[in-house]
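Pasting target_38.cif here (mmCIF, C-alpha atoms):
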```cif
data_query
#
loop_
_atom_site.label_atom_id
_atom_site.label_comp_id
_atom_site.auth_asym_id
_atom_site.auth_seq_id
_atom_site.Cartn_x
_atom_site.Cartn_y
_atom_site.Cartn_z
CA MET A 1 0.00 0.00 0.00
CA LEU A 2 1.18 3.52 -0.82
CA ASN A 3 -0.30 6.87 0.11
CA ALA A 4 -1.35 9.44 -2.48
CA LEU A 5 -3.74 12.39 -2.21
CA ASP A 6 -4.36 11.61 1.46
CA ALA A 7 -5.48 8.04 0.81
CA GLU A 8 -3.79 4.67 1.06
CA ARG A 9 -4.06 2.67 -2.14
CA GLN A 10 -2.89 -0.59 -3.64
CA VAL A 11 0.00 -0.72 -6.06
CA ASN A 12 -0.14 -4.29 -7.32
CA ILE A 13 2.75 -5.98 -9.12
CA ILE A 14 2.23 -8.99 -11.37
CA LEU A 15 5.45 -10.47 -12.74
CA PRO A 16 5.74 -12.45 -15.99
CA PRO A 17 5.60 -16.23 -15.48
CA ASP A 18 9.25 -16.60 -16.54
CA TYR A 19 10.56 -13.75 -14.36
CA ALA A 20 12.17 -15.99 -11.71
CA ALA A 21 13.37 -18.61 -14.19
CA GLU A 22 15.23 -16.06 -16.34
CA PRO A 23 17.27 -13.98 -13.88
CA ASP A 24 19.23 -12.20 -16.61
CA ARG A 25 16.20 -11.08 -18.58
CA ARG A 26 14.70 -7.60 -18.37
CA TRP A 27 11.11 -6.70 -19.07
CA PRO A 28 8.93 -3.79 -20.18
CA VAL A 29 6.57 -2.34 -17.57
CA VAL A 30 2.87 -1.66 -18.13
CA TYR A 31 1.27 0.77 -15.67
CA LEU A 32 -2.46 0.01 -15.54
CA LEU A 33 -4.69 2.71 -14.06
CA ASP A 34 -7.72 1.53 -12.07
CA GLY A 35 -5.47 -1.39 -11.21
CA ALA A 36 -6.77 -2.63 -7.86
CA LEU A 37 -7.80 -6.23 -7.27
CA LYS A 38 -11.44 -5.14 -7.40
CA GLN A 39 -10.85 -3.02 -10.49
CA ASP A 40 -9.15 -3.98 -13.77
CA LEU A 41 -5.98 -5.69 -12.56
CA LEU A 42 -6.88 -9.35 -12.99
CA MET A 43 -8.57 -8.81 -16.33
CA GLY A 44 -5.57 -6.87 -17.59
CA ALA A 45 -3.13 -9.52 -16.40
CA GLY A 46 -5.20 -12.29 -17.98
CA LEU A 47 -5.42 -10.52 -21.32
CA MET A 48 -1.68 -9.83 -21.31
CA ARG A 49 -0.92 -13.50 -20.56
CA TRP A 50 -3.29 -14.60 -23.33
CA GLY A 51 -1.67 -12.23 -25.81
CA ALA A 52 1.80 -13.48 -24.91
CA LEU A 53 0.74 -17.13 -25.26
CA TRP A 54 -0.38 -16.46 -28.83
CA GLY A 55 2.63 -14.32 -29.65
CA ARG A 56 0.36 -11.33 -30.12
CA SER A 57 2.18 -9.08 -27.63
CA ARG A 58 5.19 -9.37 -25.37
CA ASP A 59 4.94 -10.21 -21.70
CA ALA A 60 5.60 -7.38 -19.28
CA ILE A 61 5.65 -6.50 -15.62
CA ILE A 62 2.20 -5.17 -14.73
CA VAL A 63 1.85 -2.39 -12.19
CA GLY A 64 -1.78 -1.93 -11.19
CA ILE A 65 -2.44 1.47 -9.62
CA GLU A 66 -5.61 1.70 -7.55
CA THR A 67 -7.84 4.73 -7.86
CA ARG A 68 -10.14 5.77 -5.02
CA ASP A 69 -11.88 8.93 -6.24
CA ARG A 70 -11.45 8.62 -9.99
CA GLN A 71 -12.60 12.13 -10.94
CA ARG A 72 -10.33 13.69 -8.34
CA GLU A 73 -7.29 11.62 -9.30
CA LEU A 74 -7.69 11.25 -13.05
CA LEU A 75 -9.20 14.53 -14.26
CA PRO A 76 -8.04 18.16 -14.18
CA ALA A 77 -10.23 21.00 -12.97
CA THR A 78 -13.14 21.87 -15.23
CA THR A 79 -14.73 25.16 -16.23
CA ASP A 80 -18.03 23.37 -16.93
CA ALA A 81 -20.46 24.26 -14.12
CA ALA A 82 -22.46 21.05 -14.61
CA GLU A 83 -19.34 18.91 -14.30
CA ARG A 84 -18.20 20.82 -11.20
CA LYS A 85 -21.59 20.26 -9.58
CA ARG A 86 -21.67 16.54 -10.39
CA TRP A 87 -18.00 15.84 -9.49
CA PRO A 88 -16.96 18.53 -6.98
CA SER A 89 -13.76 16.68 -6.01
CA ALA A 90 -12.38 16.57 -9.56
CA GLY A 91 -9.24 18.42 -10.49
CA GLU A 92 -6.08 16.83 -9.02
CA SER A 93 -4.78 14.81 -11.97
CA ALA A 94 -1.52 16.78 -12.00
CA ALA A 95 -0.80 15.79 -8.39
CA PHE A 96 -1.66 12.15 -9.09
CA ARG A 97 0.60 12.18 -12.15
CA ALA A 98 3.46 13.63 -10.10
CA TRP A 99 2.99 10.88 -7.49
CA ILE A 100 3.17 8.18 -10.17
CA ALA A 101 6.25 9.76 -11.77
CA GLN A 102 8.11 10.59 -8.57
CA THR A 103 7.10 7.74 -6.25
CA VAL A 104 5.67 4.74 -8.07
CA LYS A 105 7.96 4.60 -11.11
CA PRO A 106 11.22 5.01 -9.14
CA MET A 107 10.09 2.29 -6.73
CA ILE A 108 9.35 -0.14 -9.56
CA GLU A 109 12.57 0.67 -11.39
CA ALA A 110 14.62 0.12 -8.23
CA ARG A 111 13.04 -3.19 -7.29
CA TYR A 112 12.35 -5.02 -10.55
CA ARG A 113 14.33 -6.00 -13.65
CA HIS A 114 12.88 -3.58 -16.19
CA ASP A 115 14.26 -2.94 -19.67
CA GLY A 116 13.89 0.84 -19.53
CA THR A 117 10.52 0.99 -21.27
CA ALA A 118 7.27 1.91 -19.53
CA PHE A 119 3.72 2.14 -20.88
CA LEU A 120 0.66 3.86 -19.40
CA VAL A 121 -2.77 2.33 -20.05
CA GLY A 122 -6.21 3.60 -19.04
CA GLU A 123 -9.86 3.68 -20.08
CA SER A 124 -12.60 6.32 -19.80
CA ALA A 125 -11.53 8.89 -17.18
CA ALA A 126 -8.23 7.02 -16.93
CA GLY A 127 -7.99 7.34 -20.70
CA HIS A 128 -8.32 11.11 -20.31
CA PHE A 129 -5.45 10.94 -17.79
CA VAL A 130 -3.38 9.02 -20.34
CA VAL A 131 -3.97 11.64 -23.05
CA GLU A 132 -3.32 14.48 -20.63
CA THR A 133 -0.03 12.87 -19.58
CA TRP A 134 0.93 12.31 -23.22
CA LEU A 135 0.28 15.99 -23.90
CA SER A 136 1.77 17.57 -20.78
CA ALA A 137 4.58 15.20 -19.77
CA PRO A 138 5.15 12.94 -22.79
CA GLN A 139 8.57 11.61 -21.78
CA THR A 140 7.21 10.11 -18.55
CA PHE A 141 6.40 6.92 -20.47
CA THR A 142 7.65 5.16 -23.58
CA GLY A 143 4.16 4.65 -24.97
CA TYR A 144 0.51 5.27 -24.16
CA ALA A 145 -2.90 3.63 -24.61
CA ALA A 146 -6.11 5.62 -24.08
CA ILE A 147 -9.15 3.41 -24.58
CA SER A 148 -12.42 5.36 -24.97
CA PRO A 149 -10.91 8.42 -23.24
CA SER A 150 -13.39 10.90 -21.73
CA LEU A 151 -12.41 13.71 -24.07
CA GLN A 152 -15.73 15.47 -23.50
CA TRP A 153 -14.35 16.73 -20.15
CA ASP A 154 -14.20 20.50 -19.74
CA PHE A 155 -15.64 21.29 -23.17
CA GLU A 156 -13.18 18.94 -24.90
CA VAL A 157 -10.26 21.04 -23.70
CA LEU A 158 -7.58 18.39 -24.30
CA SER A 159 -8.39 18.24 -28.00
CA ARG A 160 -8.08 22.02 -28.25
CA LYS A 161 -4.56 22.29 -26.82
CA PRO A 162 -1.84 23.16 -29.36
CA LEU A 163 0.51 20.22 -29.75
CA GLY A 164 3.56 22.22 -30.73
CA PRO A 165 6.44 20.99 -32.89
CA GLY A 166 7.98 17.55 -32.83
CA THR A 167 6.56 14.14 -32.07
CA ARG A 168 5.66 12.36 -28.86
CA PRO A 169 5.89 8.68 -27.92
CA PRO A 170 3.50 6.29 -29.69
CA ILE A 171 -0.12 6.43 -28.54
CA TYR A 172 -3.01 4.01 -29.03
CA LEU A 173 -6.42 5.69 -29.15
CA SER A 174 -9.87 4.17 -29.55
CA LEU A 175 -13.49 5.19 -29.78
CA ALA A 176 -16.57 3.06 -29.04
CA ASP A 177 -20.20 4.22 -29.24
CA GLU A 178 -19.73 7.24 -26.96
CA GLY A 179 -20.84 9.80 -29.54
CA GLY A 180 -21.41 13.48 -28.74
CA ALA A 181 -18.57 15.56 -27.33
CA THR A 182 -16.46 12.46 -26.62
CA GLU A 183 -16.47 11.65 -30.31
CA SER A 184 -15.93 15.20 -31.53
CA GLY A 185 -13.07 15.60 -29.06
CA MET A 186 -11.40 12.49 -30.41
CA MET A 187 -11.81 13.57 -34.02
CA ARG A 188 -10.35 17.01 -33.26
CA LEU A 189 -7.39 15.43 -31.49
CA LEU A 190 -6.70 13.10 -34.41
CA GLU A 191 -6.90 15.97 -36.86
CA ALA A 192 -4.33 17.91 -34.83
CA LEU A 193 -1.73 15.14 -34.74
CA PRO A 194 1.37 16.28 -36.60
CA ALA A 195 2.76 14.41 -39.57
CA GLY A 196 5.06 11.66 -38.39
CA GLN A 197 3.41 11.24 -34.99
CA PRO A 198 3.21 7.49 -34.32
CA TYR A 199 -0.30 6.54 -33.33
CA CYS A 200 -2.89 3.81 -33.79
CA PHE A 201 -6.56 4.81 -33.83
CA SER A 202 -9.13 2.03 -33.51
CA ASP A 203 -12.59 3.14 -34.61
CA ARG A 204 -15.13 0.72 -33.09
CA ARG A 205 -18.17 2.99 -32.93
CA THR A 206 -20.40 0.40 -34.59
CA GLU A 207 -19.07 -2.59 -32.64
CA LEU A 208 -18.35 -1.71 -29.02
CA ARG A 209 -20.09 0.02 -26.17
CA HIS A 210 -18.28 2.14 -23.62
CA ALA A 211 -18.71 -0.71 -21.13
CA THR A 212 -17.10 -3.28 -23.43
CA ALA A 213 -14.25 -1.17 -24.80
CA LEU A 214 -11.53 -2.02 -22.29
CA HIS A 215 -11.64 -5.81 -22.43
CA GLY A 216 -12.40 -5.67 -26.16
CA LEU A 217 -9.45 -3.45 -27.08
CA LEU A 218 -6.74 -3.90 -24.45
CA PRO A 219 -5.28 -6.88 -26.40
CA GLU A 220 -5.00 -4.70 -29.51
CA ALA A 221 -3.44 -1.84 -27.56
CA LEU A 222 -0.82 -4.22 -26.14
CA GLN A 223 -0.18 -5.63 -29.60
CA TYR A 224 0.55 -2.13 -30.86
CA LEU A 225 2.73 -1.04 -27.94
CA LEU A 226 4.50 -4.38 -27.31
CA PRO A 227 4.85 -6.02 -30.74
CA THR A 228 6.49 -9.42 -31.04
CA GLY A 229 7.53 -9.38 -34.69
CA VAL A 230 5.59 -12.59 -35.32
CA ASP A 231 4.58 -12.51 -38.99
CA ASP A 232 1.59 -14.88 -39.05
CA LEU A 233 -0.71 -13.10 -36.60
CA ASP A 234 -3.25 -12.35 -39.34
CA GLU A 235 -3.90 -16.09 -39.67
CA PHE A 236 -5.23 -16.11 -36.11
CA GLY A 237 -7.33 -12.98 -36.56
CA PHE A 238 -4.88 -10.75 -34.70
CA THR A 239 -4.81 -8.02 -37.31
CA LEU A 240 -4.29 -4.51 -35.97
CA ARG A 241 -7.57 -2.95 -37.01
CA CYS A 242 -6.49 0.60 -36.53
CA ASP A 243 -5.43 3.59 -38.58
CA LYS A 244 -1.66 4.00 -38.34
CA ARG A 245 -1.22 6.91 -40.73
CA GLY A 246 1.17 8.59 -38.33
CA GLU A 247 3.88 5.99 -38.93
#
```
Take the structure in the file and write it out as structure tokens.
Amino acid sequence: MLNALDAERQVNIILPPDYAAEPDRRWPVVYLLDGALKQDLLMGAGLMRWGALWGRSRDAIIVGIETRDRQRELLPATTDAAERKRWPSAGESAAFRAWIAQTVKPMIEARYRHDGTAFLVGESAAGHFVVETWLSAPQTFTGYAAISPSLQWDFEVLSRKPLGPGTRPPIYLSLADEGGATESGMMRLLEALPAGQPYCFSDRRTELRHATALHGLLPEALQYLLPTGVDDLDEFGFTLRCDKRGE
């Protein structure tokens, strides 16, 4: 248990099955938001193991970070009066991000055999946190996955921020049936991506609901961020069904 924003929370570590048997091997690290035992940790670990068994994505150390008050921890302050009324505690994502960067990551890197790469994964409000981190502190992680991110927050403000010159680390983005400002925010963000920015956008508006997006698309996000180089994945139906124009 670690303390952040005045609350104790779980930071759960799941090691690859071969971690102990291969003492000279180093591994990538996947930081999974909403990663408590009663949240998405076990599902995420199972999907990663399944992907590795099929050669779809590489195994990694999983770091599940528990959230307690998701709007407070994962979202910045909003200028939308309706959002402020509904979620009055929201607005401390910057502090939560600093805690992850300054406390959690150094702890993991000191204790476990990592290979120097680290990936941040989140869905919905956690997806907004992923995009915000990618925009404001891109070098914190090697790659990012934002599944159905809540880009409607604060009048779609993240999609309106100027990206500036240069490219950021690779990012996986997806959209389910959210519609409305979530959809328009995503489309504006995609339009603003500079030429050469590595990204993978999975458009599943006609196939997935918001509630089914994470377990439906996490395997694809891991395949994009942790590729294996296996050349026969299409035979098993593991085709990356996403727009990769930025590569």
For this session: Scan for residues within 12 Å of the point (8.8, -4.3, -10.3) in the coordinates of the file, using only C-alpha atoms, and reply as a VMD selection string.
Result: chain A and resid 11 to 16 19 26 to 31 60 to 64 104 to 116 118
For this session: Run the PyMOL selection byres ((chain A and resi 223-232) around 9) against the file shown and list the residues it catches, as an MDAnalysis selection string.
Result: chainID A and resid 28 51:52 55:60 119 143:145 170:172 200 218:222 233:236 238 240
Exercise. Within 12 Å of (-2.8, 6.4, 0.2), in the coordinates the file gives, what residues turn up when you count all atoms listed in the file, written out as number ranges by chain?
Worked result: A: 1-11, 65-69, 73, 96, 99, 103-104
If you take all atoms listed in the file and a cut-off of 10 Å, which residues of segment 132-175 of chain A touch segment 76-89 of chain A, and what are their nearest atom pairs and distances in Å to one decimal, in chain and number order, as CSV?
```
residue,atom,partner,partner_atom,distance
A:Glu132,CA,A:Pro76,CA,8.8
A:Trp153,CA,A:Thr78,CA,7.2
A:Asp154,CA,A:Thr78,CA,4.8
A:Phe155,CA,A:Asp80,CA,7.0
A:Val157,CA,A:Thr78,CA,9.0
```
For this session: Could you tell me which residues the PyMOL selection byres ((chain A and resi 205) around 9) returns for this structure, as a list of chain:residue names?
Result: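 Against this file, the PyMOL selection byres ((chain A and resi 205) around 9) returns the residues A:Leu175, A:Ala176, A:Asp177, A:Glu178, A:Gly179, A:Asp203, A:Arg204, A:Thr206, A:Glu207, A:Leu208, A:Arg209.
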For this session: Expand the PyMOL selection byres ((chain A and resi 169) around 9) into the individual residues it matches in the shown file, reporting them as a list in words.
Result: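 Checking the PyMOL selection byres ((chain A and resi 169) around 9) against this file, the residues are Trp134, Pro138, Gln139, Phe141, Thr142, Gly143, Tyr144, Thr167, Arg168, Pro170, Ile171, Gln197, Pro198 and Tyr199 of chain A.
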Exercise. Distance atom CA of Ser124 of chain A-atom CA of Ser148 of chain A, one decimal place?
Worked result: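 Interatomic distance here is 5.3 Å.
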How big is the axis-aligned box around the listed atoms of segment 124-127 of chain A once 3 Å is added on each side, and where is its centre? Give both in Å to one decimal, as AutoDock Vina command-line options.
```
--center_x -10.3 --center_y 7.6 --center_z -18.8 --size_x 10.6 --size_y 8.6 --size_z 9.8
```
Problem set entry | Near-Met43 of chain A list (12 Å; all atoms listed in the file; drop same-chain fewer than 2 positions) as a PyMOL selection string | chain A and resi 14+32+34-41+45-50+62+64+214-216+218-219
Exercise. At what distance in Å, to one decimal, does atom CA of Thr133 of chain A lie from atom CA of Gln102 of chain A?
Worked result: 13.9 Å
Exercise. How many Å lie between atom CA of Ala126 of chain A and atom CA of Leu42 of chain A, rounded to one decimal?
Worked result: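 The value is 16.9 Å.
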Problem set entry | Given all atoms listed in the file as the counted atoms, nearest of A:Ala137, A:Ala90, A:Leu193, A:Met186 to Leu163 of chain A |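 Checking each of A:Ala137, A:Ala90, A:Leu193, A:Met186 against Leu163 of chain A, counting all atoms listed in the file, the winner is A:Leu193.
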